[in-house]
Structure formats: structure tokens, C-alpha cells
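Asks: One structure follows; several queries about it will come next.
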Amino acid sequence: MIETPSLVDQYCHGVLRTELGLGTFEAHLGRGEGPPAPGTTFFDTQTGFAVRRWCPPLLGLEPHCPPARYLARRRELGVLESGRRLLRGSGITTYLVDTGLPGDLTGPAELARAGEAQAHEIVRLELLAEQVADTSGTVESFLANLAESVHAAAASAVAFTSVAGVRHGLALAPQPPGPGEVRGAAGRWLAGRTVGGPLSDPVLLRHLLWIAVASGRPLQLHAGLGEPGLGVSPVRADSRTWGSTDRTDPVLLTDFARATAGLGTDLILLHGYPYHRHAAHLAGTFPHVYADLGPALARTGARAAAVFAEILELAPFGKLLFSSGAHGIPELHVVGARLFREALGRVLGGWVAEGAWSLGDAQRVATMIAAGTARRVYGLDAENA
């Protein structure tokens with residue numbers, strides 16, 4: 001029996017405060033940019049089946065109950081009570097929350113209260129830059145205010161996160177841009193944007209990454225398929241660049257990982273799937289690079305153990321971290337946690353049964369991935385984790 005009494009969800013988002021109808025709820029089960037095709041449902045996915053397996057018992061229903069019955073029970077309890085029951089039933093004791101998604105989502109403190117857990121903020125670099133740009137009148141004030149804002153955020157946040165891979169692609173020049181290059185890029189971007197306009201300029205994205213590296217806080221980098229809504233612009237002339245999966249392969253970060261080695265800042269590769277083996281390889285190559293299991297397990301559902309085993313093929317065991325990657329609905333926090341525990345039990349427990357691993361070693365590795373490594377990387381106090 002592999003036990004994980006404590007889970008640190010090292011990357012997730014808040015949940016919606018409003019009641020959801022069938023269509024809105026279903027949208028959070030899919031991975032596309034629109035509703036399901038006519039005559040189909042996102043409940044007929046690995047994620048949808050996992051929700052129906054693990055979530056109904058937390059609301060007093062039998063596993064695998066029909067979606068209509070589950071949603072009726074959810075409405076009967078109300079969004080606050082159902083959210084509390086689900087989050088408290090997930091087994092997650094600490095949430096690290098990216099507050100950079102739009103919408104009426106709970107923040108870290110509210111998520112912590114609902115889940116009877118601890119919570120800490122992750123600051124999204126691109127959103128921070130966009131907010132600074134909205135209140136800065138000149139290039140000089142923008143760059144000065146940006147540096148000051150990142151410094152101030154580093155004092156309270158546990159980490160920074162970047163969606164440069166979604167915004168532009170991960171094949172960015174690895175070295176920091178020069179001052180003149182940054183000023184020129186900032187001038188062009190500020191002159192051409194409207195208030196709230198997204199940042200996708202590769203020079204400014206590199207500048208942001210290097211400011212974050214200089215802060216010493218862990219830096220999370222989105223790779224692979226990621227999640228819908230992580231910065232995709234409604235208007236983008238070059239659709240091949242924006243969010244193209246071949247440009248979000250974490251192996252493209254090899255030169256950046258080499259350039260940042262020895263500087264004291266850890267890099268965490270988020271959402272590497274379907275390039276999870278590449279992320280695991282980088283984690284094994286560079287001492288300061290870590291790989292996140294992320295929503296790949298919720299995405300693959302009943303096949304989660306196979307994906308988990310593939311990551312363990314290459315990554316040192318102390319370089320892997322659990323996260324749910326959940327956003328919008330607490331069901332995704334539950335599914336991420338339950339599938340992670342199931343995968344641990346099947347893979348590590350199987351190796352113990354075969355005699356390949358001892359039970360003590362399996363338990364030690366499970367504890368590291370579930371919480372211990374995150375506590376170390378993010379400097380979380382054990383009593384608050």
C-alpha cells in the first residue's frame with residue numbers, strides 16, 4: 001500500500017464562484033476552444049469518466065452516476081457547499097495558485113478556506129507586464145515599473161510562471177536581450193497595443209524571463225499542450241506560432257536551461273504532455289530543472305498510470321512534482337489528486353510486487369513526488385504545507 005497522506009498541488013487555479021449549467025460545466029472537461037460537436041458530449045472523455053468515477057461519492061452519490069443526476073445534486077447543494085466537499089475530499093493540503101487566468105475565480109485565500117488547506121500565490125509574468133503597461137505612459141516608466149513590480153511580487157509569491165510558450169513558442173533566444181533591444185521592443189509594443197492587449201513580443205518575453213531568473217524565485221514554464229485559455233489571443237495573424245504544439249516542446253528550452261544553470265533559480269516545466277518524456281529528460285540533464293506531472297493524468301484518465309510510468313523512465317525521482325493543473329471547477333482538483341494516487345499505487349506498487357523496488361523505497365519516492373520536493377523547491381514550511 002503506497003500512502004500519500006499529504007499532497008502539495010504545485011500548480012493550479014481557483015474555482016468559479018457561480019453556479020454552472022450543463023454546457024458551462026462540460027466546457028471545463030474538454031480541451032478544445034469551443035463546445036462539443038453536435039450529438040456528442042465532453043463527458044465522453046477520459047476526464048469526463050474520471051469525474052464521474054471520483055466525484056459523485058464526495059457529494060453523496062454512487063460512482064459513475066449519470067451526468068444529469070450528478071449536476072442536479074451539485075445544484076441542490078449549491079456551488080459553495082459542493083465546492084467545499086469536493087476540495088476537502090481531494091486530499092490536497094497545499095495549493096500553489098496561478099492567479100493569472102481571467103474570470104470570477106477564487107484567489108489563494110478563498111481556495112484555502114474552502115479546501116481547509118494552505119495556499120500561496122504564483123504570479124504570471126505576462127499578466128503582470130500587461131497590468132504595468134496599462135498604467136505606464138512611457139517606455140522608460142514601463143521598464144522601470146516592470147522591474148519594480150517583479151521585485152515586489154517576488155517578496156510575497158512563491159514562484160513566477162510564464163506562458164511564453166503559448167504566446168510565442170519556446171524557441172526563444174536563450175540569452176537576455178540587451179537594453180537597446182528591450183527599449184525598442186517595448187516602444188513598438190506599447191505604441192501598437194490597446195489597454196489590456198496581450199504580450200507576445202519575443203524580446204519582451206525573454207526580458208521577463210530573465211528578470212524572473214534574477215529574482216531567485218522558482219520559474220514555471222508552460223510547455224506541451226497546456227490548458228485552454230492560457231493566453232490565447234482572439235486575433236492572431238500567425239496562427240502557426242500562437243499555441244502551436246510543435247513550438248511548445250520542452251526540448252526547445254535546452255539552451256535556456258543551460259544558460260540559467262548555476263544562477264540559483266529552479267525551472268519547473270509544466271504540462272509537458274505529450275512531450276512528457278522530453279520534460280523528464282531535461283529534468284535528468286540539468287540540476288535546476290524539474291518536471292511537473294500536471295493535468296496529463298486527468299487528461300489521460302484510466303491510462304494515467306501508463307503516462308506516469310513513462311515519466312519515471314527518465315526523470316530522477318526527486319525532480320518530479322505533483323500538480324492538478326485544475327481551473328474553473330473543483331472536480332478537476334479532485335480528479336488530478338485521485339488519479340495521481342491511483343497511478344502511484346499501480347506503478348510503484350507493481351514494482352514492489354515484482355521485487356524490483358522495496359516498499360520502503362517506493363514509499364519514500366511517493367512522498368517526494370506528492371509533497372516533499374515541492375516543499376523543498378518552493379521553500380514551504382513543513383507545518384504550513
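Residues in the C-alpha cells are numbered from 1 in each chain, the chains being A, B, ... in the order shown, and ligands are numbered from 1 in the order shown.
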Counting only C-alpha atoms, what are the residues of segment 89-136 of chain A within 10 Å of segment 186-195 of chain A, and for each of them which pair of atoms is the nearest and at what distance in Å, to one decimal? Sort the table by chain and rising number, as CSV.
Replies:
```
residue,atom,partner,partner_atom,distance
A:Glu130,CA,A:Val195,CA,8.3
A:Gln131,CA,A:Val195,CA,8.8
A:Ala133,CA,A:Leu190,CA,7.3
A:Asp134,CA,A:Val195,CA,5.7
A:Thr135,CA,A:Val195,CA,9.2
A:Ser136,CA,A:Leu190,CA,9.3
```
Asks: Can those selected residues be exported to a file as a PDB file, in the first residue's frame so that it contains N, CA, C and O atoms?
Replies:
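Output contents, as saved in part_8.pdb:
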```
ATOM      1  N   GLU A 130       1.417  43.229 -18.573  1.00  0.00           N
ATOM      2  CA  GLU A 130       0.270  43.907 -19.197  1.00  0.00           C
ATOM      3  C   GLU A 130      -0.373  44.904 -18.243  1.00  0.00           C
ATOM      4  O   GLU A 130      -0.777  46.002 -18.648  1.00  0.00           O
ATOM      5  N   GLN A 131      -0.449  44.549 -16.984  1.00  0.00           N
ATOM      6  CA  GLN A 131      -1.003  45.472 -15.990  1.00  0.00           C
ATOM      7  C   GLN A 131      -0.100  46.687 -15.804  1.00  0.00           C
ATOM      8  O   GLN A 131      -0.584  47.824 -15.671  1.00  0.00           O
ATOM      9  N   ALA A 133       1.902  47.903 -18.101  1.00  0.00           N
ATOM     10  CA  ALA A 133       1.788  48.697 -19.324  1.00  0.00           C
ATOM     11  C   ALA A 133       0.540  49.563 -19.313  1.00  0.00           C
ATOM     12  O   ALA A 133       0.540  50.682 -19.849  1.00  0.00           O
ATOM     13  N   ASP A 134      -0.547  49.064 -18.725  1.00  0.00           N
ATOM     14  CA  ASP A 134      -1.799  49.829 -18.685  1.00  0.00           C
ATOM     15  C   ASP A 134      -1.674  51.105 -17.863  1.00  0.00           C
ATOM     16  O   ASP A 134      -2.486  52.024 -18.023  1.00  0.00           O
ATOM     17  N   THR A 135      -0.694  51.170 -16.982  1.00  0.00           N
ATOM     18  CA  THR A 135      -0.567  52.338 -16.098  1.00  0.00           C
ATOM     19  C   THR A 135       0.743  53.090 -16.310  1.00  0.00           C
ATOM     20  O   THR A 135       1.094  53.964 -15.518  1.00  0.00           O
ATOM     21  N   SER A 136       1.486  52.756 -17.356  1.00  0.00           N
ATOM     22  CA  SER A 136       2.767  53.411 -17.632  1.00  0.00           C
ATOM     23  C   SER A 136       2.659  54.219 -18.919  1.00  0.00           C
ATOM     24  O   SER A 136       2.268  53.683 -19.962  1.00  0.00           O
TER      25      SER A 136
END
```
Asks: Determine, using only C-alpha atoms, which residues of segment 86-202 of chain A have any atom at most 10 Å from an atom of segment 261-285 of chain A, and tabulate each with its shortest atom pair and distance in Å to one decimal place, rows ordered by chain and then rising number, as JSON lines.
Replies:
```
{"residue": "A:Ala159", "atom": "CA", "partner": "A:Asp266", "partner_atom": "CA", "distance": 9.7}
{"residue": "A:Phe160", "atom": "CA", "partner": "A:Leu267", "partner_atom": "CA", "distance": 9.8}
{"residue": "A:Thr161", "atom": "CA", "partner": "A:Ile268", "partner_atom": "CA", "distance": 9.0}
{"residue": "A:Ser162", "atom": "CA", "partner": "A:Leu270", "partner_atom": "CA", "distance": 9.8}
{"residue": "A:Val163", "atom": "CA", "partner": "A:Leu270", "partner_atom": "CA", "distance": 9.9}
```
Asks: Could you save those same residues with all heavy atoms as a compact mmCIF listing (two decimals), in the first residue's frame?
Replies:
```
# COMPACT_ATOMS: atom_id res chain seq x y z
N ALA A 159 6.42 31.72 -6.48
CA ALA A 159 7.01 31.41 -7.78
C ALA A 159 6.45 32.37 -8.82
O ALA A 159 5.42 33.02 -8.62
CB ALA A 159 6.72 29.97 -8.19
N PHE A 160 7.15 32.41 -9.96
CA PHE A 160 6.63 33.06 -11.16
C PHE A 160 6.29 31.98 -12.17
O PHE A 160 6.87 30.89 -12.17
CB PHE A 160 7.66 34.02 -11.76
CG PHE A 160 7.91 35.23 -10.93
CD1 PHE A 160 9.08 35.36 -10.20
CD2 PHE A 160 6.99 36.27 -10.90
CE1 PHE A 160 9.32 36.49 -9.43
CE2 PHE A 160 7.22 37.41 -10.13
CZ PHE A 160 8.37 37.52 -9.40
N THR A 161 5.34 32.29 -13.05
CA THR A 161 5.02 31.38 -14.14
C THR A 161 4.95 32.17 -15.43
O THR A 161 4.64 33.37 -15.42
CB THR A 161 3.69 30.64 -13.88
OG1 THR A 161 3.55 29.58 -14.84
CG2 THR A 161 2.49 31.57 -13.99
N SER A 162 5.30 31.52 -16.53
CA SER A 162 5.30 32.17 -17.83
C SER A 162 4.58 31.32 -18.86
O SER A 162 4.74 30.10 -18.88
CB SER A 162 6.74 32.42 -18.30
OG SER A 162 6.76 32.86 -19.65
N VAL A 163 3.81 32.01 -19.71
CA VAL A 163 3.15 31.34 -20.83
C VAL A 163 3.78 31.77 -22.14
O VAL A 163 3.14 31.86 -23.18
CB VAL A 163 1.63 31.61 -20.84
CG1 VAL A 163 0.94 30.88 -19.72
CG2 VAL A 163 1.33 33.11 -20.78
```
Asks: From segment 93-191 of chain A, collect each residue whose DSSP state is strand (DSSP E) and return the set as a list of chain:residue names.
Replies: A:Thr93, A:Thr94, A:Tyr95, A:Leu96, A:Val97, A:Asp98, A:Gln118, A:Ala119, A:His120, A:Glu121, A:Ile122, A:Val123, A:Arg124, A:Ala159, A:Phe160, A:Thr161, A:Ser162
Asks: Can you pull out the residues contacting Phe256 of chain A? Cut-off 12 Å, using only C-alpha atoms, and skip same-chain residues under 2 positions away; I want them as a list of chain:residue names.
Replies: A:Leu170, A:Ala171, A:Leu172, A:Ala173, A:Pro174, A:Gln175, A:Pro176, A:Arg206, A:Leu209, A:Trp210, A:Val213, A:Leu221, A:Pro250, A:Val251, A:Leu252, A:Leu253, A:Thr254, A:Arg258, A:Ala259, A:Thr260, A:Ala261, A:Leu263, A:Asp266, A:Leu267, A:Leu282, A:Phe286, A:His288, A:Val289
Asks: Could you give me, as a ChimeraX atom specification, each residue of segment 208-316 of chain A that DSSP assigns to helix (DSSP H, G or I) when run on this structure's backbone?
Replies: /A:208-215,245-247,250-260,276-285,296-312
Asks: For Leu80 of chain A, find every residue with an atom within 12 Å (counting only C-alpha atoms), except residues of its own chain fewer than 3 positions away, and show them as a list in words.
Replies: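 Once the nearby chain positions are removed, what remains is Val15, Leu16, Arg17, Thr18, Glu19, Leu20, Arg74, Arg75, Glu76, Leu77, Gly83, Arg84, Arg85, Leu86, Leu87, Thr106, Glu110, Leu111, Arg113, Ala114, Gly115, Ile329 and Pro330 of chain A.
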Asks: Which one is closest to Leu127 of chain A: A:Arg375, A:Arg167, A:Arg53, A:Arg69? Count only C-alpha atoms.
Replies: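 Among the listed residues, A:Arg167 lies closest to Leu127 of chain A.
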Asks: From the options A:Leu312, A:Ala298, A:Leu59, A:Leu125, which residue's atoms come nearest to Ala337 of chain A, counting only C-alpha atoms?
Replies: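 Smallest distance to Ala337 of chain A is found for A:Ala298.
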Asks: Identify which of the residues A:Ser324, A:Thr47, A:Thr94, A:Ser82 lies closest to His13 of chain A, counting only C-alpha atoms when measuring atom-to-atom distances.
Replies: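 Going through A:Ser324, A:Thr47, A:Thr94, A:Ser82 one by one, the smallest distance to His13 of chain A is for A:Ser324.
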Asks: Rounded to one decimal, what separation in Å do you get between atom CA of Ala257 of chain A and atom CA of Pro102 of chain A?
Replies: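 Distance between the two atoms: 29.6 Å.
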